[in-house]
Each structure stands twice: as C-alpha cells, then as structure tokens.
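Pasted below: upload08.cif, mmCIF, C-alpha atoms and all ligand atoms; chains and numbers go by the auth columns.
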data_target
#
loop_
_atom_site.group_PDB
_atom_site.id
_atom_site.type_symbol
_atom_site.label_atom_id
_atom_site.label_comp_id
_atom_site.label_asym_id
_atom_site.label_seq_id
_atom_site.Cartn_x
_atom_site.Cartn_y
_atom_site.Cartn_z
_atom_site.B_iso_or_equiv
_atom_site.auth_seq_id
_atom_site.auth_asym_id
ATOM 1 C CA GLU A 1 113.346 18.603 -57.885 0.00 1 S
ATOM 2 C CA VAL A 2 109.601 18.231 -58.543 0.00 2 S
ATOM 3 C CA ASN A 3 107.647 20.179 -55.936 0.00 3 S
ATOM 4 C CA GLN A 4 105.252 17.820 -54.127 0.00 4 S
ATOM 5 C CA ALA A 5 102.389 20.340 -54.251 0.00 5 S
ATOM 6 C CA TRP A 6 102.674 20.581 -58.054 0.00 6 S
ATOM 7 C CA GLU A 7 102.383 16.813 -58.313 0.00 7 S
ATOM 8 C CA ASP A 8 99.514 16.658 -55.802 0.00 8 S
ATOM 9 C CA VAL A 9 97.522 19.306 -57.684 0.00 9 S
ATOM 10 C CA ASP A 10 97.948 17.341 -60.927 0.00 10 S
ATOM 11 C CA THR A 11 96.810 14.109 -59.268 0.00 11 S
ATOM 12 C CA TYR A 12 93.870 15.751 -57.466 0.00 12 S
ATOM 13 C CA SER A 13 92.542 17.764 -60.405 0.00 13 S
ATOM 14 C CA PHE A 14 93.074 15.132 -63.082 0.00 14 S
ATOM 15 C CA GLY A 15 91.387 12.537 -60.850 0.00 15 S
ATOM 16 C CA HIS A 16 88.237 14.686 -60.673 0.00 16 S
ATOM 17 C CA LEU A 17 88.277 16.079 -64.213 0.00 17 S
ATOM 18 C CA HIS A 18 89.062 12.789 -65.931 0.00 18 S
ATOM 19 C CA PRO A 19 87.096 10.208 -63.905 0.00 19 S
ATOM 20 C CA LYS A 20 86.752 6.481 -64.591 0.00 20 S
ATOM 21 C CA THR A 21 83.968 6.977 -67.132 0.00 21 S
ATOM 22 C CA ALA A 22 85.872 9.587 -69.203 0.00 22 S
ATOM 23 C CA GLN A 23 87.316 8.949 -72.668 0.00 23 S
ATOM 24 C CA PRO A 24 90.018 8.095 -73.562 0.00 24 S
ATOM 25 C CA SER A 25 89.777 5.650 -70.680 0.00 25 S
ATOM 26 C CA ASN A 26 92.346 5.726 -67.936 0.00 26 S
ATOM 27 C CA ASP A 27 92.872 2.034 -68.702 0.00 27 S
ATOM 28 C CA VAL A 28 94.194 2.616 -72.239 0.00 28 S
ATOM 29 C CA LEU A 29 96.230 5.624 -71.104 0.00 29 S
ATOM 30 C CA GLU A 30 97.795 3.666 -68.242 0.00 30 S
ATOM 31 C CA HIS A 31 98.440 0.727 -70.564 0.00 31 S
ATOM 32 C CA ALA A 32 100.358 3.034 -72.912 0.00 32 S
ATOM 33 C CA ARG A 33 102.445 4.370 -70.021 0.00 33 S
ATOM 34 C CA ILE A 34 103.164 1.005 -68.420 0.00 34 S
ATOM 35 C CA ASN A 35 103.879 -0.789 -71.694 0.00 35 S
ATOM 36 C CA SER A 36 106.232 2.028 -72.775 0.00 36 S
ATOM 37 C CA GLU A 37 108.115 1.714 -69.497 0.00 37 S
ATOM 38 C CA LYS A 38 108.286 -2.093 -69.823 0.00 38 S
ATOM 39 C CA GLN A 39 109.670 -1.712 -73.334 0.00 39 S
ATOM 40 C CA GLY A 40 112.419 0.540 -72.029 0.00 40 S
ATOM 41 C CA LEU A 41 111.193 3.877 -73.409 0.00 41 S
ATOM 42 C CA PRO A 42 112.238 7.001 -71.456 0.00 42 S
ATOM 43 C CA ASP A 43 109.647 8.588 -69.136 0.00 43 S
ATOM 44 C CA ILE A 44 109.303 11.794 -71.162 0.00 44 S
ATOM 45 C CA ALA A 45 105.699 11.693 -72.391 0.00 45 S
ATOM 46 C CA VAL A 46 103.389 14.588 -71.548 0.00 46 S
ATOM 47 C CA SER A 47 101.633 14.334 -68.175 0.00 47 S
ATOM 48 C CA PRO A 48 97.968 13.246 -67.979 0.00 48 S
ATOM 49 C CA SER A 49 96.843 16.870 -67.525 0.00 49 S
ATOM 50 C CA GLN A 50 98.971 18.025 -70.455 0.00 50 S
ATOM 51 C CA GLY A 51 97.527 15.197 -72.558 0.00 51 S
ATOM 52 C CA LYS A 52 94.035 16.312 -71.666 0.00 52 S
ATOM 53 C CA PHE A 53 94.971 19.885 -72.561 0.00 53 S
ATOM 54 C CA LEU A 54 96.009 18.704 -76.047 0.00 54 S
ATOM 55 C CA TYR A 55 92.771 16.744 -76.391 0.00 55 S
ATOM 56 C CA LEU A 56 90.711 19.813 -75.428 0.00 56 S
ATOM 57 C CA GLN A 57 92.672 22.019 -77.848 0.00 57 S
ATOM 58 C CA ALA A 58 91.914 19.532 -80.626 0.00 58 S
ATOM 59 C CA LYS A 59 88.229 19.760 -79.715 0.00 59 S
ATOM 60 C CA LEU A 60 88.368 23.588 -79.618 0.00 60 S
ATOM 61 C CA VAL A 61 89.620 23.786 -83.193 0.00 61 S
ATOM 62 C CA LYS A 62 87.336 20.891 -84.230 0.00 62 S
ATOM 63 C CA ALA A 63 90.387 19.154 -85.625 0.00 63 S
ATOM 64 C CA LYS A 64 89.923 16.614 -88.397 0.00 64 S
ATOM 65 C CA SER A 65 93.587 16.352 -89.291 0.00 65 S
ATOM 66 C CA ILE A 66 96.420 16.501 -86.746 0.00 66 S
ATOM 67 C CA LEU A 67 100.205 16.455 -87.168 0.00 67 S
ATOM 68 C CA GLU A 68 102.559 15.345 -84.393 0.00 68 S
ATOM 69 C CA LEU A 69 106.367 15.403 -84.378 0.00 69 S
ATOM 70 C CA GLY A 70 107.821 13.021 -81.765 0.00 70 S
ATOM 71 C CA THR A 71 105.610 9.987 -81.040 0.00 71 S
ATOM 72 C CA LEU A 72 107.600 8.149 -78.343 0.00 72 S
ATOM 73 C CA GLY A 73 105.125 5.479 -77.100 0.00 73 S
ATOM 74 C CA GLY A 74 102.068 7.231 -78.521 0.00 74 S
ATOM 75 C CA TYR A 75 100.764 8.600 -75.206 0.00 75 S
ATOM 76 C CA SER A 76 100.065 12.124 -76.519 0.00 76 S
ATOM 77 C CA THR A 77 98.975 10.592 -79.835 0.00 77 S
ATOM 78 C CA ILE A 78 96.220 8.613 -78.093 0.00 78 S
ATOM 79 C CA TRP A 79 94.935 11.793 -76.442 0.00 79 S
ATOM 80 C CA LEU A 80 94.917 13.676 -79.761 0.00 80 S
ATOM 81 C CA ALA A 81 93.272 10.836 -81.702 0.00 81 S
ATOM 82 C CA SER A 82 90.544 10.612 -79.052 0.00 82 S
ATOM 83 C CA ALA A 83 89.356 14.200 -79.572 0.00 83 S
ATOM 84 C CA SER A 84 86.687 13.037 -82.027 0.00 84 S
ATOM 85 C CA PRO A 85 85.726 9.793 -83.748 0.00 85 S
ATOM 86 C CA ASP A 86 86.703 11.150 -87.166 0.00 86 S
ATOM 87 C CA VAL A 87 90.000 12.881 -86.427 0.00 87 S
ATOM 88 C CA LYS A 88 93.071 11.549 -88.251 0.00 88 S
ATOM 89 C CA VAL A 89 96.581 11.849 -86.792 0.00 89 S
ATOM 90 C CA VAL A 90 99.916 11.500 -88.521 0.00 90 S
ATOM 91 C CA SER A 91 102.803 11.244 -86.071 0.00 91 S
ATOM 92 C CA VAL A 92 106.517 11.192 -86.935 0.00 92 S
ATOM 93 C CA GLU A 93 109.083 9.212 -84.939 0.00 93 S
ATOM 94 C CA VAL A 94 112.756 8.649 -85.722 0.00 94 S
ATOM 95 C CA ASP A 95 113.310 5.646 -83.438 0.00 95 S
ATOM 96 C CA LYS A 96 112.122 2.299 -84.808 0.00 96 S
ATOM 97 C CA HIS A 97 111.531 0.725 -81.395 0.00 97 S
ATOM 98 C CA HIS A 98 109.591 3.775 -80.138 0.00 98 S
ATOM 99 C CA ALA A 99 107.450 3.691 -83.287 0.00 99 S
ATOM 100 C CA GLN A 100 106.651 -0.008 -82.821 0.00 100 S
ATOM 101 C CA VAL A 101 105.715 0.406 -79.161 0.00 101 S
ATOM 102 C CA ALA A 102 103.582 3.401 -80.137 0.00 102 S
ATOM 103 C CA ARG A 103 101.744 1.420 -82.824 0.00 103 S
ATOM 104 C CA ASP A 104 100.959 -1.304 -80.258 0.00 104 S
ATOM 105 C CA ASN A 105 99.734 1.208 -77.674 0.00 105 S
ATOM 106 C CA ILE A 106 97.682 3.088 -80.254 0.00 106 S
ATOM 107 C CA ALA A 107 96.065 -0.144 -81.493 0.00 107 S
ATOM 108 C CA ASN A 108 95.289 -1.111 -77.898 0.00 108 S
ATOM 109 C CA ALA A 109 93.533 2.243 -77.475 0.00 109 S
ATOM 110 C CA GLY A 110 91.239 1.400 -80.415 0.00 110 S
ATOM 111 C CA VAL A 111 92.358 4.356 -82.573 0.00 111 S
ATOM 112 C CA GLY A 112 94.843 2.496 -84.784 0.00 112 S
ATOM 113 C CA ASP A 113 92.728 2.917 -87.917 0.00 113 S
ATOM 114 C CA ARG A 114 92.918 6.721 -87.625 0.00 114 S
ATOM 115 C CA VAL A 115 96.586 7.109 -86.678 0.00 115 S
ATOM 116 C CA GLU A 116 99.590 6.717 -88.916 0.00 116 S
ATOM 117 C CA VAL A 117 103.026 6.577 -87.287 0.00 117 S
ATOM 118 C CA LYS A 118 105.661 7.433 -89.883 0.00 118 S
ATOM 119 C CA LEU A 119 109.212 6.302 -89.209 0.00 119 S
ATOM 120 C CA GLY A 120 112.073 8.673 -89.961 0.00 120 S
ATOM 121 C CA PRO A 121 113.617 12.010 -89.013 0.00 121 S
ATOM 122 C CA GLY A 122 111.058 14.820 -89.018 0.00 122 S
ATOM 123 C CA LEU A 123 112.927 16.839 -91.622 0.00 123 S
ATOM 124 C CA GLU A 124 112.883 13.889 -94.051 0.00 124 S
ATOM 125 C CA VAL A 125 109.320 12.781 -93.397 0.00 125 S
ATOM 126 C CA LEU A 126 107.709 16.226 -93.519 0.00 126 S
ATOM 127 C CA PRO A 127 108.200 16.589 -97.312 0.00 127 S
ATOM 128 C CA GLN A 128 106.341 13.257 -97.764 0.00 128 S
ATOM 129 C CA ILE A 129 103.519 14.538 -95.592 0.00 129 S
ATOM 130 C CA ALA A 130 103.526 17.794 -97.583 0.00 130 S
ATOM 131 C CA ASP A 131 103.102 15.772 -100.795 0.00 131 S
ATOM 132 C CA GLU A 132 100.130 13.942 -99.260 0.00 132 S
ATOM 133 C CA VAL A 133 98.515 17.212 -98.179 0.00 133 S
ATOM 134 C CA ASN A 134 99.217 19.007 -101.444 0.00 134 S
ATOM 135 C CA SER A 135 97.850 16.103 -103.515 0.00 135 S
ATOM 136 C CA GLY A 136 94.660 16.075 -101.427 0.00 136 S
ATOM 137 C CA LYS A 137 95.380 12.621 -100.000 0.00 137 S
ATOM 138 C CA ARG A 138 95.508 14.116 -96.520 0.00 138 S
ATOM 139 C CA GLY A 139 93.630 17.157 -95.170 0.00 139 S
ATOM 140 C CA LYS A 140 95.405 20.335 -94.111 0.00 140 S
ATOM 141 C CA PHE A 141 96.070 20.410 -90.376 0.00 141 S
ATOM 142 C CA GLN A 142 94.013 22.188 -87.740 0.00 142 S
ATOM 143 C CA LEU A 143 96.473 21.223 -84.985 0.00 143 S
ATOM 144 C CA THR A 144 100.206 20.447 -84.859 0.00 144 S
ATOM 145 C CA PHE A 145 101.987 19.224 -81.736 0.00 145 S
ATOM 146 C CA ILE A 146 105.783 19.558 -81.855 0.00 146 S
ATOM 147 C CA ASP A 147 107.630 17.404 -79.308 0.00 147 S
ATOM 148 C CA ALA A 148 110.677 15.892 -81.048 0.00 148 S
ATOM 149 C CA ASP A 149 114.314 17.059 -81.386 0.00 149 S
ATOM 150 C CA LYS A 150 114.239 20.549 -79.944 0.00 150 S
ATOM 151 C CA THR A 151 116.917 21.956 -82.266 0.00 151 S
ATOM 152 C CA ASN A 152 114.483 21.633 -85.172 0.00 152 S
ATOM 153 C CA ASN A 153 111.536 23.312 -83.410 0.00 153 S
ATOM 154 C CA TRP A 154 111.511 26.255 -85.785 0.00 154 S
ATOM 155 C CA ASN A 155 111.972 24.084 -88.903 0.00 155 S
ATOM 156 C CA TYR A 156 108.943 22.052 -87.836 0.00 156 S
ATOM 157 C CA VAL A 157 106.847 25.148 -87.160 0.00 157 S
ATOM 158 C CA ASP A 158 107.863 26.628 -90.518 0.00 158 S
ATOM 159 C CA ALA A 159 106.853 23.428 -92.341 0.00 159 S
ATOM 160 C CA ALA A 160 103.643 23.076 -90.331 0.00 160 S
ATOM 161 C CA ILE A 161 102.489 26.625 -91.141 0.00 161 S
ATOM 162 C CA ALA A 162 102.512 25.801 -94.850 0.00 162 S
ATOM 163 C CA LEU A 163 100.400 22.696 -94.193 0.00 163 S
ATOM 164 C CA SER A 164 97.910 24.350 -91.827 0.00 164 S
ATOM 165 C CA GLU A 165 94.448 25.760 -92.340 0.00 165 S
ATOM 166 C CA PRO A 166 93.928 29.386 -91.301 0.00 166 S
ATOM 167 C CA GLY A 167 93.115 29.412 -87.584 0.00 167 S
ATOM 168 C CA ALA A 168 95.075 26.208 -86.942 0.00 168 S
ATOM 169 C CA VAL A 169 96.882 25.841 -83.642 0.00 169 S
ATOM 170 C CA ILE A 170 100.546 24.883 -83.328 0.00 170 S
ATOM 171 C CA ILE A 171 101.847 23.806 -79.912 0.00 171 S
ATOM 172 C CA VAL A 172 105.569 23.456 -79.205 0.00 172 S
ATOM 173 C CA ASP A 173 106.336 21.571 -75.985 0.00 173 S
ATOM 174 C CA ASN A 174 109.122 22.141 -73.445 0.00 174 S
ATOM 175 C CA VAL A 175 110.204 25.636 -74.406 0.00 175 S
ATOM 176 C CA VAL A 176 110.659 27.060 -70.886 0.00 176 S
ATOM 177 C CA ARG A 177 113.259 24.545 -69.731 0.00 177 S
ATOM 178 C CA ARG A 178 113.213 25.423 -66.013 0.00 178 S
ATOM 179 C CA GLY A 179 113.446 29.104 -66.884 0.00 179 S
ATOM 180 C CA ARG A 180 116.537 28.875 -69.037 0.00 180 S
ATOM 181 C CA LEU A 181 114.497 30.143 -72.017 0.00 181 S
ATOM 182 C CA ALA A 182 115.334 33.681 -70.897 0.00 182 S
ATOM 183 C CA GLN A 183 119.105 33.039 -70.852 0.00 183 S
ATOM 184 C CA SER A 184 121.202 33.753 -73.927 0.00 184 S
ATOM 185 C CA GLY A 185 124.431 31.931 -74.689 0.00 185 S
ATOM 186 C CA THR A 186 123.787 28.813 -72.580 0.00 186 S
ATOM 187 C CA GLY A 187 125.148 26.606 -75.362 0.00 187 S
ATOM 188 C CA ASP A 188 122.379 24.120 -74.483 0.00 188 S
ATOM 189 C CA GLN A 189 120.754 22.789 -77.680 0.00 189 S
ATOM 190 C CA GLY A 190 117.302 22.515 -76.092 0.00 190 S
ATOM 191 C CA VAL A 191 117.430 26.101 -74.833 0.00 191 S
ATOM 192 C CA GLU A 192 118.801 27.381 -78.154 0.00 192 S
ATOM 193 C CA GLY A 193 116.046 25.531 -80.060 0.00 193 S
ATOM 194 C CA ALA A 194 113.408 27.023 -77.765 0.00 194 S
ATOM 195 C CA ARG A 195 114.782 30.571 -78.091 0.00 195 S
ATOM 196 C CA LYS A 196 114.948 30.281 -81.867 0.00 196 S
ATOM 197 C CA VAL A 197 111.328 29.207 -82.190 0.00 197 S
ATOM 198 C CA VAL A 198 110.135 32.015 -79.884 0.00 198 S
ATOM 199 C CA GLU A 199 112.140 34.661 -81.743 0.00 199 S
ATOM 200 C CA LYS A 200 111.229 33.382 -85.224 0.00 200 S
ATOM 201 C CA ILE A 201 107.512 33.180 -84.449 0.00 201 S
ATOM 202 C CA GLY A 202 107.633 36.678 -82.958 0.00 202 S
ATOM 203 C CA ALA A 203 109.072 38.012 -86.217 0.00 203 S
ATOM 204 C CA ASP A 204 106.744 36.073 -88.547 0.00 204 S
ATOM 205 C CA ASP A 205 103.566 37.660 -89.900 0.00 205 S
ATOM 206 C CA ARG A 206 101.987 34.296 -90.691 0.00 206 S
ATOM 207 C CA ILE A 207 101.563 33.299 -87.063 0.00 207 S
ATOM 208 C CA ASP A 208 100.770 34.723 -83.609 0.00 208 S
ATOM 209 C CA GLY A 209 101.920 33.031 -80.399 0.00 209 S
ATOM 210 C CA VAL A 210 102.348 33.020 -76.637 0.00 210 S
ATOM 211 C CA VAL A 211 104.451 31.069 -74.131 0.00 211 S
ATOM 212 C CA ILE A 212 102.639 29.636 -71.120 0.00 212 S
ATOM 213 C CA GLN A 213 104.824 28.507 -68.205 0.00 213 S
ATOM 214 C CA THR A 214 103.698 25.381 -66.393 0.00 214 S
ATOM 215 C CA VAL A 215 104.494 23.454 -63.236 0.00 215 S
ATOM 216 C CA GLY A 216 103.279 19.956 -62.416 0.00 216 S
ATOM 217 C CA GLY A 217 104.339 16.349 -62.133 0.00 217 S
ATOM 218 C CA LYS A 218 106.781 17.130 -64.942 0.00 218 S
ATOM 219 C CA SER A 219 108.477 19.965 -63.041 0.00 219 S
ATOM 220 C CA TYR A 220 108.816 23.581 -64.295 0.00 220 S
ATOM 221 C CA ASP A 221 108.541 23.964 -68.043 0.00 221 S
ATOM 222 C CA GLY A 222 106.016 25.374 -70.495 0.00 222 S
ATOM 223 C CA PHE A 223 104.725 25.382 -74.014 0.00 223 S
ATOM 224 C CA LEU A 224 104.365 27.776 -76.879 0.00 224 S
ATOM 225 C CA LEU A 225 100.891 28.023 -78.359 0.00 225 S
ATOM 226 C CA ALA A 226 100.465 29.767 -81.703 0.00 226 S
ATOM 227 C CA ILE A 227 97.688 30.360 -84.195 0.00 227 S
ATOM 228 C CA VAL A 228 98.219 30.346 -87.939 0.00 228 S
ATOM 229 C CA LYS A 229 96.651 33.477 -89.433 0.00 229 S
HETATM 230 N N1 LIG B . 104.916 13.310 -77.723 0.00 301 N
HETATM 231 C C1 LIG B . 105.311 12.169 -76.886 0.00 301 N
HETATM 232 C C2 LIG B . 104.334 12.064 -75.740 0.00 301 N
HETATM 233 O O1 LIG B . 104.071 13.097 -75.088 0.00 301 N
HETATM 234 O O2 LIG B . 103.826 10.960 -75.477 0.00 301 N
HETATM 235 C C3 LIG B . 106.708 12.341 -76.342 0.00 301 N
HETATM 236 C C4 LIG B . 107.768 12.563 -77.385 0.00 301 N
HETATM 237 S S1 LIG B . 109.420 12.468 -76.738 0.00 301 N
HETATM 238 C C5 LIG B . 109.515 13.887 -75.721 0.00 301 N
HETATM 239 C C6 LIG B . 110.409 12.884 -78.141 0.00 301 N
HETATM 240 C C7 LIG B . 110.439 11.847 -79.229 0.00 301 N
HETATM 241 O O3 LIG B . 110.967 12.453 -80.413 0.00 301 N
HETATM 242 C C8 LIG B . 111.315 10.637 -78.924 0.00 301 N
HETATM 243 O O4 LIG B . 110.589 9.438 -79.084 0.00 301 N
HETATM 244 C C9 LIG B . 112.437 10.728 -79.965 0.00 301 N
HETATM 245 O O5 LIG B . 112.891 9.468 -80.432 0.00 301 N
HETATM 246 C C10 LIG B . 111.754 11.506 -81.082 0.00 301 N
HETATM 247 N N2 LIG B . 112.680 12.206 -81.983 0.00 301 N
HETATM 248 C C11 LIG B . 113.920 12.691 -81.701 0.00 301 N
HETATM 249 N N3 LIG B . 114.462 13.245 -82.791 0.00 301 N
HETATM 250 C C12 LIG B . 113.559 13.119 -83.794 0.00 301 N
HETATM 251 C C13 LIG B . 113.546 13.482 -85.159 0.00 301 N
HETATM 252 N N4 LIG B . 114.586 14.102 -85.726 0.00 301 N
HETATM 253 N N5 LIG B . 112.461 13.198 -85.886 0.00 301 N
HETATM 254 C C14 LIG B . 111.396 12.566 -85.320 0.00 301 N
HETATM 255 N N6 LIG B . 111.351 12.188 -84.032 0.00 301 N
HETATM 256 C C15 LIG B . 112.421 12.461 -83.276 0.00 301 N
#
Output the file's structure as structure tokens, nothing else.
Ligand code: SAM
Amino acid sequence: EVNQAWEDVDTYSFGHLHPKTAQPSNDVLEHARINSEKQGLPDIAVSPSQGKFLYLQAKLVKAKSILELGTLGGYSTIWLASASPDVKVVSVEVDKHHAQVARDNIANAGVGDRVEVKLGPGLEVLPQIADEVNSGKRGKFQLTFIDADKTNNWNYVDAAIALSEPGAVIIVDNVVRRGRLAQSGTGDQGVEGARKVVEKIGADDRIDGVVIQTVGGKSYDGFLLAIVK
C-alpha cells in the first residue's frame, strides 16, 4: 500500500541530505536496522527521514535531556542521542529482548554512555524518572518522543509535561493512522489513543500543539508536535 513515489522521495532526499560523511553515520544507523531485523524485532522504527527530523528538533531546542517512550531496537534513540555530544537520553521499553538489542545497537553507535534504556511499562517507569528529575539527578526534559503503546499516549504526555522545561517539545508518533484519526467510534485502540491525545492537548492550557500528516516509506501517517508553555 506504500506509494512508490513516497518511498522514492524519501530515498532521494535522505541520500542527498544525509550523505556518507554525515553524523550519525549511515553505517551505525544501518547496523541498528539490520541487527534489529536479525534479532527478530518488528520493522516499526521511524524512517531515516523521520529520525533525522527528530535529531534536528533536538538541535532546535538545544536539548540536553531527552525522554523517549518506546525504544524498540534504539534506532530513533541513536538519532536523538546524536543531536549533540552532551545530550542525555532516557528511553523506556517494556520488552526485555527489545531493550537488550537496543543497548547493543546504542553501544555500537558510540553513544552508550549517554543513553539509559529502562526496562518496564511506561506507566511504571515514569514515576522513577520523575523521582530522578525532581531530586536533581536528571535534568528536566527539552524534548520527549512518545512512540510506545498508543492507548497511553495522553498519560505519557501528561507525565512528560510535568517533567519538561518551558519551551520543551513533545512529539507523539503515529497519530494519523492512515486518516482514521478523524473517525469516531472505530473501536481501534490506536485510533482511540490518538484521538484522546489530540483532544486532551487541545483542551490543556499547559501545552500547544499541531498534527502534521506525513507520507513516505512508512506509508500515510503523521505526528503530533506540541510545545510546553
Ligand atoms: N521509537 C522506536 C524507533 O523509532 O526506533 C520504535 C518504537 S516501537 C514503534 C514501540 C515500542 O514500544 C516497542 O518496542 C514496544 O515493545 C514498546 N512498548 C509497548 N508497550 C509499552 C509500554 N507499555 N511501555 C514501554 N514500552 C512499550
């Protein structure tokens, strides 16, 4: 169902805008992808262009401290950790095997000393992270990337707001869901989780957001980008 032109534009533009000499290197990114596939992880990481978008967002907000929900094999984590040599990332993953593959891929990318992968369900691990932030052990976040169980999208945003600096960016992936975002009563958990986060953010004075629809190698979807006031 992926339109060939969407895929071709991704390949063409990424090839020019992230050439051989660019960082993070295509070698470490490809290693993360190939190793994840070999280890049996599902092919649901962000695309190269989406990864670069996250990396550029982290640079825009001059992120020093980044939170990620949903590590998988660490592909997006490597992009985020590469935004600057002093950025720290904490990423939460519920699946033990995913977390182990991610740690290997992240170490291979040379950013292992600045990334912590925490094992457990987001809702259980977030209070631990909150303790670390509130005790000063970890800095407040300038960027949060939410890409885990979609039913908890809003719960993750709500928790992240409290742990964010003013002006921080929060990105929620996969909210458009081939256009089903606009349909009520689908009964689909992913769609319901996406609608809830859109509606809750719209009604919340602490945060201001927008949904951007995307096409590409990963088909028709989109993300919600929001700024903490
Ligand atoms: N961000 C990754 C990337 O782009 O490379 C992709 C993440 S993948 C779409 C979603 C991940 O969230 C899976 O690895 C899954 O095991 C994890 N996950 C699912 N439910 C979770 C939960 N309750 N808490 C934390 N992680 C969860």
Near-ligand residues for ligand LIG 301 (chain N), threshold 10 Å, all atoms listed in the file, as number ranges by chain: S: 32-33, 36, 41-48, 50-51, 54, 68-79, 91-99, 102, 118-126, 145-153, 156, 173-174
Residue among S:Val215, S:Val191, S:Asp27, S:Val197 lying closest to Asn108 of chain S, counting all atoms listed in the file: S:Asp27
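Note on the selection: in this file the PyMOL selection byres (((chain S and resi 213) around 8) and not hetatm) comes out as Val176, Val211, Ile212, Thr214, Val215, Tyr220, Asp221, Gly222 and Phe223 of chain S.
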Picked residues, the PyMOL selection byres (((chain S and resi 129-142) around 8) and not hetatm), as a ChimeraX atom specification: /S:58,61-67,125-128,143-144,163-165,167-169
Option closest in space to Ala162 of chain S, from S:Ala182, S:Val115, S:Gly202, S:Val228 [counting all atoms listed in the file]: S:Val228
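In this structure, atom CA of Asp208 of chain S sits 5.4 Å away from atom CA of Ile227 of chain S.
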For Gln100 of chain S, the nearest of the candidates S:Val28, S:Ala22, S:Val117, S:Ala226, counting only C-alpha atoms: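 Going through S:Val28, S:Ala22, S:Val117, S:Ala226 one by one, the smallest distance to Gln100 of chain S is for S:Val117.
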